[in-house]
Every structure is written in structure tokens, then in C-alpha cells.
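Asker: The file below is protein26.txt, compact mmCIF, C-alpha atoms and all ligand atoms:
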```txt
# COMPACT_ATOMS: atom_id res chain seq x y z
CA MET A 95 21.59 -4.42 9.12
CA LEU A 96 21.79 -8.21 9.47
CA LYS A 97 24.48 -9.30 11.94
CA ILE A 98 26.15 -12.69 11.52
CA TYR A 99 28.04 -14.04 14.55
CA GLY A 100 30.88 -16.48 13.96
CA VAL A 101 34.36 -17.11 12.62
CA PRO A 102 35.31 -17.88 9.00
CA ASN A 103 36.84 -21.21 10.05
CA SER A 104 33.38 -22.57 10.91
CA GLN A 105 31.54 -24.62 8.28
CA PRO A 106 27.95 -23.61 9.20
CA VAL A 107 29.00 -19.96 9.55
CA ARG A 108 30.36 -19.95 6.00
CA ALA A 109 27.13 -21.46 4.67
CA VAL A 110 25.21 -18.40 5.93
CA VAL A 111 27.88 -15.97 4.75
CA TRP A 112 28.15 -17.50 1.27
CA VAL A 113 24.38 -17.33 0.68
CA CYS A 114 24.31 -13.67 1.80
CA LEU A 115 27.20 -12.86 -0.54
CA MET A 116 25.60 -14.70 -3.46
CA LYS A 117 22.33 -12.88 -2.92
CA ARG A 118 24.01 -9.53 -2.30
CA LEU A 119 22.36 -9.20 1.11
CA PRO A 120 24.54 -6.82 3.14
CA PHE A 121 25.61 -8.01 6.58
CA GLU A 122 27.89 -7.12 9.44
CA PHE A 123 30.16 -9.99 10.42
CA VAL A 124 30.63 -10.06 14.20
CA MET A 125 33.75 -12.07 14.95
CA THR A 126 32.67 -14.55 17.64
CA SER A 127 35.00 -17.35 18.66
CA GLN A 128 33.22 -20.58 19.50
CA ASN A 129 35.25 -21.26 22.64
CA LYS A 130 35.29 -17.80 24.23
CA ALA A 131 32.93 -15.19 22.81
CA ALA A 132 30.15 -17.71 22.16
CA LYS A 133 30.42 -18.92 25.75
CA ALA A 134 30.28 -15.42 27.28
CA PRO A 135 27.24 -14.87 29.54
CA GLU A 136 25.83 -12.06 27.36
CA TYR A 137 26.01 -14.18 24.17
CA LEU A 138 24.40 -17.15 25.95
CA ALA A 139 21.67 -14.92 27.39
CA SER A 140 20.82 -12.75 24.42
CA VAL A 141 21.99 -14.58 21.27
CA ASN A 142 22.34 -18.35 21.59
CA PRO A 143 21.84 -20.35 24.79
CA ARG A 144 23.68 -23.26 23.17
CA GLY A 145 26.85 -21.22 22.79
CA THR A 146 27.46 -22.17 19.18
CA ILE A 147 28.07 -20.27 15.96
CA PRO A 148 26.54 -19.22 13.64
CA ALA A 149 23.80 -17.01 15.01
CA ILE A 150 22.15 -13.97 13.50
CA ASP A 151 20.44 -10.82 14.71
CA ASP A 152 18.25 -9.54 11.88
CA GLU A 153 16.95 -6.23 13.23
CA GLY A 154 15.87 -7.95 16.45
CA VAL A 155 15.11 -11.42 15.05
CA VAL A 156 17.71 -13.56 16.78
CA LEU A 157 18.26 -17.07 15.46
CA TRP A 158 20.79 -19.88 15.79
CA GLU A 159 21.24 -23.22 13.97
CA SER A 160 22.52 -22.63 10.45
CA HIS A 161 19.76 -24.49 8.61
CA ALA A 162 17.04 -22.54 10.43
CA ILE A 163 18.91 -19.31 9.63
CA LEU A 164 19.22 -20.22 5.94
CA ILE A 165 15.55 -21.13 5.64
CA TYR A 166 14.52 -17.93 7.42
CA LEU A 167 16.62 -15.79 5.07
CA CYS A 168 15.35 -17.62 1.98
CA GLU A 169 11.72 -17.25 3.07
CA LYS A 170 12.15 -13.63 4.12
CA HIS A 171 13.78 -12.61 0.84
CA GLY A 172 11.89 -14.96 -1.49
CA TRP A 173 14.97 -16.90 -2.65
CA GLN A 174 12.93 -19.72 -4.13
CA ASP A 175 15.81 -20.97 -6.22
CA LEU A 176 17.72 -21.93 -3.05
CA TRP A 177 14.65 -23.03 -1.05
CA PRO A 178 11.97 -24.10 -3.52
CA ASP A 179 8.34 -23.31 -2.94
CA ALA A 180 6.97 -26.46 -4.58
CA LEU A 181 6.00 -29.12 -2.05
CA VAL A 182 8.09 -32.04 -3.28
CA ALA A 183 11.11 -29.99 -4.31
CA ARG A 184 11.18 -28.38 -0.85
CA ALA A 185 10.75 -31.77 0.83
CA LYS A 186 13.82 -33.07 -1.02
CA VAL A 187 15.92 -30.14 0.19
CA ASN A 188 14.60 -30.62 3.70
CA GLN A 189 15.41 -34.32 3.53
CA TYR A 190 19.05 -33.52 2.87
CA LEU A 191 19.18 -30.84 5.59
CA HIS A 192 18.01 -33.31 8.23
CA PHE A 193 20.33 -36.02 6.95
CA HIS A 194 23.26 -33.61 7.00
CA HIS A 195 23.50 -33.07 10.78
CA ARG A 196 24.47 -36.58 11.83
CA ASN A 197 25.85 -37.84 8.54
CA THR A 198 27.74 -35.51 6.17
CA ARG A 199 28.55 -33.20 9.09
CA GLU A 200 30.52 -36.06 10.69
CA ILE A 201 33.25 -35.55 8.07
CA VAL A 202 34.33 -32.53 10.12
CA VAL A 203 36.03 -35.06 12.40
CA GLN A 204 38.59 -35.83 9.67
CA TRP A 205 39.37 -32.12 9.36
CA SER A 206 39.47 -31.52 13.11
CA ARG A 207 41.70 -34.56 13.80
CA ALA A 208 44.17 -33.45 11.13
CA LEU A 209 44.09 -29.72 11.94
CA TRP A 210 44.43 -29.41 15.70
CA PRO A 211 47.41 -31.73 16.32
CA SER A 212 49.15 -29.90 13.48
CA VAL A 213 48.31 -26.48 14.97
CA PHE A 214 49.48 -27.49 18.45
CA GLY A 215 52.54 -29.39 17.19
CA VAL A 216 51.44 -32.72 18.67
CA GLN A 217 53.07 -35.45 16.61
CA GLN A 218 51.12 -38.55 17.55
CA PRO A 219 48.15 -37.54 19.67
CA ASP A 220 46.74 -40.25 21.90
CA ALA A 221 43.05 -40.97 22.26
CA GLY A 222 42.78 -38.71 25.33
CA TRP A 223 44.28 -35.72 23.49
CA ILE A 224 42.01 -36.29 20.52
CA LYS A 225 39.00 -36.47 22.81
CA ARG A 226 39.88 -33.22 24.61
CA ASN A 227 40.97 -31.18 21.61
CA THR A 228 39.06 -32.21 18.52
CA PHE A 229 35.45 -32.34 17.35
CA PRO A 230 33.87 -35.23 19.27
CA GLY A 231 31.84 -36.81 16.47
CA MET A 232 29.95 -40.04 16.89
CA GLU A 233 31.50 -43.28 18.07
CA ASN A 234 31.09 -44.98 14.70
CA ASN A 235 32.25 -41.86 12.84
CA ALA A 236 34.35 -43.63 10.19
CA GLN A 237 31.46 -45.88 9.22
CA ILE A 238 29.00 -42.97 9.14
CA VAL A 239 31.30 -40.86 6.96
CA ALA A 240 31.93 -43.70 4.51
CA GLN A 241 28.21 -44.33 4.22
CA ALA A 242 27.36 -40.62 3.93
CA LEU A 243 29.90 -40.11 1.15
CA GLN A 244 28.46 -43.04 -0.78
CA ILE A 245 24.91 -41.77 -0.33
CA VAL A 246 25.88 -38.25 -1.46
CA ASP A 247 27.79 -39.66 -4.43
CA ASN A 248 24.73 -41.68 -5.44
CA MET A 249 22.48 -38.61 -5.04
CA LEU A 250 24.72 -36.77 -7.49
CA ALA A 251 24.83 -39.59 -10.06
CA ASP A 252 21.87 -38.38 -12.11
CA THR A 253 21.58 -34.71 -11.22
CA ASP A 254 24.04 -31.84 -11.05
CA PHE A 255 22.97 -30.83 -7.54
CA LEU A 256 21.81 -32.62 -4.42
CA SER A 257 18.13 -31.90 -4.82
CA GLY A 258 17.82 -31.79 -8.59
CA ASP A 259 19.17 -29.75 -11.45
CA HIS A 260 19.80 -26.49 -9.65
CA LEU A 261 21.61 -25.21 -6.60
CA THR A 262 19.78 -25.16 -3.26
CA ILE A 263 20.80 -24.62 0.35
CA ALA A 264 21.33 -28.40 0.57
CA ASP A 265 24.37 -28.00 -1.72
CA ILE A 266 25.64 -25.02 0.22
CA VAL A 267 25.65 -26.76 3.60
CA ALA A 268 27.12 -29.95 2.13
CA TYR A 269 29.85 -28.04 0.32
CA GLU A 270 31.05 -26.35 3.50
CA GLU A 271 31.99 -29.78 4.86
CA LEU A 272 33.05 -31.63 1.71
CA GLY A 273 34.63 -28.70 -0.11
CA GLN A 274 36.83 -27.81 2.82
CA ASN A 275 38.52 -31.23 2.93
CA GLN A 276 39.52 -31.31 -0.78
CA ALA A 277 43.15 -31.94 -1.69
CA ARG A 278 43.56 -28.35 -2.92
CA PHE A 279 42.44 -26.94 0.46
CA ALA A 280 42.59 -28.79 3.80
CA ASN A 281 43.63 -32.03 2.11
CA CYS A 282 42.17 -34.44 4.63
CA THR A 283 39.66 -36.56 2.69
CA ASP A 284 40.30 -38.81 -0.27
CA TYR A 285 37.51 -38.28 -2.79
CA ARG A 286 38.98 -40.57 -5.45
CA PRO A 287 36.28 -43.25 -4.94
CA TYR A 288 33.49 -40.69 -5.45
CA PRO A 289 33.40 -39.46 -9.08
CA HIS A 290 30.07 -37.65 -8.77
CA ILE A 291 31.16 -35.79 -5.65
CA ARG A 292 34.35 -34.76 -7.45
CA ALA A 293 32.41 -33.32 -10.40
CA TRP A 294 30.02 -31.50 -8.05
CA LEU A 295 32.94 -30.07 -6.02
CA GLN A 296 34.34 -28.67 -9.23
CA ASN A 297 31.00 -27.04 -10.15
CA MET A 298 30.47 -25.63 -6.66
CA GLY A 299 33.91 -24.07 -6.78
CA GLU A 300 32.89 -22.01 -9.79
CA LEU A 301 29.82 -20.39 -8.20
CA PRO A 302 29.73 -16.64 -7.47
CA TYR A 303 31.60 -15.45 -4.39
CA HIS A 304 33.11 -18.89 -3.82
CA ASP A 305 36.59 -17.50 -3.30
CA GLU A 306 35.47 -14.66 -1.04
CA ALA A 307 33.39 -16.97 1.17
CA HIS A 308 36.23 -19.49 1.41
CA ALA A 309 39.35 -17.36 1.65
CA ILE A 310 40.14 -19.09 4.95
CA TRP A 311 40.79 -22.39 3.13
CA SER A 312 43.70 -21.03 1.15
CA LEU A 313 44.96 -19.01 4.09
CA ILE A 314 45.26 -22.12 6.27
CA GLY A 315 46.08 -24.53 3.44
CA ASP A 316 46.87 -28.19 4.07
CA VAL A 317 45.70 -28.87 7.63
CA ASN A 318 48.26 -31.64 8.08
CA HIS A 319 51.08 -29.09 7.91
CA VAL A 320 50.02 -25.83 9.56
CA GLN A 321 52.98 -23.58 10.26
CA GLY A 322 52.87 -21.05 13.10
CA GLY A 323 50.30 -22.63 15.42
CA MET A 324 47.28 -20.75 16.72
CA ALA A 325 48.68 -17.43 15.53
CA THR A 326 48.24 -18.69 11.96
CA ILE A 327 44.63 -19.68 12.58
CA ALA A 328 43.84 -16.36 14.28
CA ALA A 329 45.46 -14.34 11.49
CA ALA A 330 43.66 -16.41 8.84
CA ASN A 331 40.30 -15.82 10.53
CA LYS A 332 40.98 -12.11 10.76
CA GLU A 333 41.97 -11.82 7.11
CA ALA A 334 39.05 -14.00 5.93
CA ALA A 335 36.63 -11.82 7.92
CA ARG A 336 38.10 -8.77 6.20
CA VAL A 337 37.44 -10.47 2.84
CA PHE A 338 33.81 -11.10 3.91
CA ALA A 339 33.39 -7.42 4.82
CA GLN A 340 34.93 -6.23 1.58
CA ALA A 341 32.77 -8.58 -0.52
CA SER A 342 29.61 -7.67 1.36
CA ALA A 343 30.11 -3.91 0.98
N1 LIG A 401 23.98 -27.57 14.15
C1 LIG A 401 24.69 -26.34 14.33
C2 LIG A 401 26.17 -26.66 14.53
C3 LIG A 401 26.91 -25.43 14.96
C4 LIG A 401 28.31 -25.80 15.39
O1 LIG A 401 28.63 -26.97 15.67
N2 LIG A 401 29.16 -24.77 15.46
C5 LIG A 401 30.47 -24.97 16.00
C6 LIG A 401 31.51 -24.21 15.19
S1 LIG A 401 31.68 -24.97 13.60
C7 LIG A 401 30.47 -24.45 17.43
O2 LIG A 401 29.97 -23.37 17.68
N3 LIG A 401 31.02 -25.23 18.35
C8 LIG A 401 31.14 -24.84 19.72
C9 LIG A 401 30.43 -25.79 20.64
O3 LIG A 401 29.87 -26.81 20.16
O4 LIG A 401 30.43 -25.55 21.84
C10 LIG A 401 24.47 -25.41 13.14
O5 LIG A 401 24.28 -25.92 12.04
O6 LIG A 401 24.48 -24.19 13.33
```
Translate this structure into C-alpha cells?
Answerer:
Amino acid sequence: MLKIYGVPNSQPVRAVVWVCLMKRLPFEFVMTSQNKAAKAPEYLASVNPRGTIPAIDDEGVVLWESHAILIYLCEKHGWQDLWPDALVARAKVNQYLHFHHRNTREIVVQWSRALWPSVFGVQQPDAGWIKRNTFPGMENNAQIVAQALQIVDNMLADTDFLSGDHLTIADIVAYEELGQNQARFANCTDYRPYPHIRAWLQNMGELPYHDEAHAIWSLIGDVNHVQGGMATIAAANKEAARVFAQASA
């Protein structure tokens, strides 16, 4: 059976999990913390030399990097709705996937900078604390995020989804970043200036297995006010992984 390594609190891990749930592809979720288990010598040697999550082991096919994993699964199982076969349609999805890494993905900094001081009870973290304890991001992160949000909003102005009129893996990977930060979940990004993103977030939230793939969001709640420190995060990950397993069965 397909093994997925990761934790539910990871955006790219959830992208892989959500697609597997939507497509009813059974998997075993192997809880793998990014700081410890993913840095263990055996994981580095036999799963992912980069020490990141997600990674998969599909009956001996070991892969890391979420977009490569998603494309592999789509091609293996013929999920042409999520990863279109037609040249131009596929190129449009690919365009977003490349853009995502150093653009939309940078919004994780807003989440990380709100979450970790709250978890560790640090009231006004200085630049050194932020640097040591939160997602590094790029130096001009704020500018990149503002630009990325505007580009994504414009992409959604004329079509319901990022690459046209139906869902693809471009929407899935984008949603893991943008969906997480919504007011009703982590509450760390203001989407009021982006009407098309807001409508798309609403639609994405109604897709099959949304709640099962994203149980962690409600379990942690508003990241500016996490009660109970790391124990809360650990318990939320454990419970969300149980939800994955139950939904996958
Ligand atoms: N580009 C990678 C990003 C993976 C990634 O950044 N994963 C984080 C967890 S969300 C991680 O493992 N971080 C640990 C590290 O960078 O050492 C992908 O899409 O899979």
C-alpha cells in the first residue's frame, strides 16, 4: 500500500493526502515530524535526502517534493481531471506549480510567524527569535506575498479554478496555503481585498473530503491564540492523522 510520510500540520503533506482521499486511493499515513523523524539518518538515507515532508513510498517507488508526488500519482492512476493530458491545459497547471514554490508558498511565513510565538508563549518576538523559530521565507516576503495574492486573484477573475473551469492539482496546492490562513481557521491573512480568492476559497471548502483532509485547522484554530503550547499541536496532529486513517479506510 502507498505510504505517505508527514504530519497533518504540513501544507504540502495535506495536498497529497487530500488528493488520495478524493480519489479513494488507500494509503498508510506514517507520522513523520519534520524536525526529528525527517532528519533521522534512516529517513535521510532511504526516503528523502533533503529531510523534508511529504515523501511517499509506493511499493518501492520513493519520491519527495509534493508536486512531483502529485504528478506521479495522477499519471499512474490516470487522473486526467486533476492533471490534464492536453498540451496547453497541462502547461497551464505546470505554470502555476512552478510559480507556487517561491510565490504563493511564501504566505506560509504569515502563518508561521503568528503560530510559533503563540505556541511558545513569546509575546513580542524579536528578529532573532523569528529567524530561529519560524519559516525563513525570502527577504522581500511581504512584497512577494502581496504580489502573489494579486496574481492569484486575477487568475480567478474569469474562471472558477486556477487553470480553467475545473479543479486541478494547481488548486489543491494553492488551497493548502491560502485556505489554511482564512479567518475561520488560522486567521492570519486578510483576504478582504481579494474577492475572487474569497469566492474560490468558499468553493474549495465544499469539495469532497475537505473536512477530513483539514481537520487539523479546526483542531488548532486561530493561530494567534493557541492554548496549551506544543502539547496542543502534538495532540492536534495525532487526532488529524487518525481522521486521515479513518477517511482512507
Ligand atoms: N517543496 C517542498 C517543500 C516541503 C517542505 O517545506 N516541507 C516542510 C514541512 S511543511 C519541511 O519538511 N520542513 C523541514 C525542513 O525544511 O527542514 C514540497 O513541496 O514538498
Asker: Dump as a tab-separated table the rows for residues of chain A within 6 Å of ligand LIG 401 (chain A): closest atom pair and distance in Å with one decimal, all atoms listed in the file counted, ordered by chain and rising residue number.
Answerer:
```
residue	atom	partner	partner_atom	distance
A:Ser104	CA	A:LIG401	S1	4.0
A:Gln105	CA	A:LIG401	S1	5.3
A:Pro106	CA	A:LIG401	O5	5.2
A:Gln128	CA	A:LIG401	O2	4.7
A:Gly145	CA	A:LIG401	O4	5.7
A:Thr146	CA	A:LIG401	O2	3.2
A:Ile147	CA	A:LIG401	O2	4.0
A:Pro148	CA	A:LIG401	O6	5.4
A:Glu159	CA	A:LIG401	O6	3.4
A:Ser160	CA	A:LIG401	O6	3.8
A:His161	CA	A:LIG401	O5	5.9
```
Asker: Would you mind exporting C-alpha atoms of the selected residues as a PDB file, in the coordinates of the input?
Answerer:
```
ATOM      1  CA  SER A 104      33.380 -22.570  10.910  1.00  0.00           C
ATOM      2  CA  GLN A 105      31.540 -24.620   8.280  1.00  0.00           C
ATOM      3  CA  PRO A 106      27.950 -23.610   9.200  1.00  0.00           C
ATOM      4  CA  GLN A 128      33.220 -20.580  19.500  1.00  0.00           C
ATOM      5  CA  GLY A 145      26.850 -21.220  22.790  1.00  0.00           C
ATOM      6  CA  THR A 146      27.460 -22.170  19.180  1.00  0.00           C
ATOM      7  CA  ILE A 147      28.070 -20.270  15.960  1.00  0.00           C
ATOM      8  CA  PRO A 148      26.540 -19.220  13.640  1.00  0.00           C
ATOM      9  CA  GLU A 159      21.240 -23.220  13.970  1.00  0.00           C
ATOM     10  CA  SER A 160      22.520 -22.630  10.450  1.00  0.00           C
ATOM     11  CA  HIS A 161      19.760 -24.490   8.610  1.00  0.00           C
TER      12      HIS A 161
END
```
Asker: I'd like the interatomic distance between CA of Ser127 (chain A) and CA of Ala330 (chain A), to a tenth of an Å.
Answerer: 13.1 Å
Asker: May I have the residues within 10 Å of Ala334 (chain A) as a list in words, using all atoms listed in the file and disregarding those fewer than 4 positions away in the same chain?
Answerer: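 Listed by chain and then number, they are Val101, Pro102, Asn103, Glu306, Ala307, His308, Ala309, Ile310, Trp311, Ser312, Leu313, Ala328, Ala329, Ala330, Phe338, Ala339 and Gln340 of chain A.
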Asker: Can you pull out every residue within 7 Å of region 242-251 of chain A, counting only C-alpha atoms, but drop anything in the same chain fewer than 4 positions away, and send it as a list in words?
Answerer: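 Counting only C-alpha atoms, the residues come to Asn197, Thr198, Ile238, Phe255, Leu256, Tyr288, His290 and Ile291 of chain A.
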Asker: For Gly322 (chain A), which residue among A:Cys114, A:Val213, A:Leu272, A:Ala343 is the nearest when counting only C-alpha atoms?
Answerer: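 Residue with the minimum atom-to-atom distance to Gly322 (chain A): A:Val213.
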Asker: Would you kindly return, as a PyMOL selection string, each protein, DNA or RNA residue with an atom no farther than 7 Å from any atom of Val187 (chain A), considering all atoms listed in the file and excluding same-chain residues fewer than 3 positions away?
Answerer: chain A and resi 183-184+190-191+257+264
Asker: Using the selection just defined, write its residues with C-alpha atoms as a short mmCIF file (atom, residue, chain, number, x, y, z; two decimals), in the frame of the given file.
Answerer:
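Ended up saving to result_6.cif:
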```cif
data_model
loop_
_atom_site.label_atom_id
_atom_site.label_comp_id
_atom_site.auth_asym_id
_atom_site.auth_seq_id
_atom_site.Cartn_x
_atom_site.Cartn_y
_atom_site.Cartn_z
CA ALA A 183 11.11 -29.99 -4.31
CA ARG A 184 11.18 -28.38 -0.85
CA TYR A 190 19.05 -33.52 2.87
CA LEU A 191 19.18 -30.84 5.59
CA SER A 257 18.13 -31.90 -4.82
CA ALA A 264 21.33 -28.40 0.57
#
```
Asker: Could you check the closest approach to Gly100 (chain A) for each of A:Gln204, A:Ser140, A:Asn129, A:Asn188 and tell me which residue wins, using all atoms listed in the file?
Answerer: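 Nearest candidate to Gly100 (chain A) out of A:Gln204, A:Ser140, A:Asn129, A:Asn188: A:Asn129.
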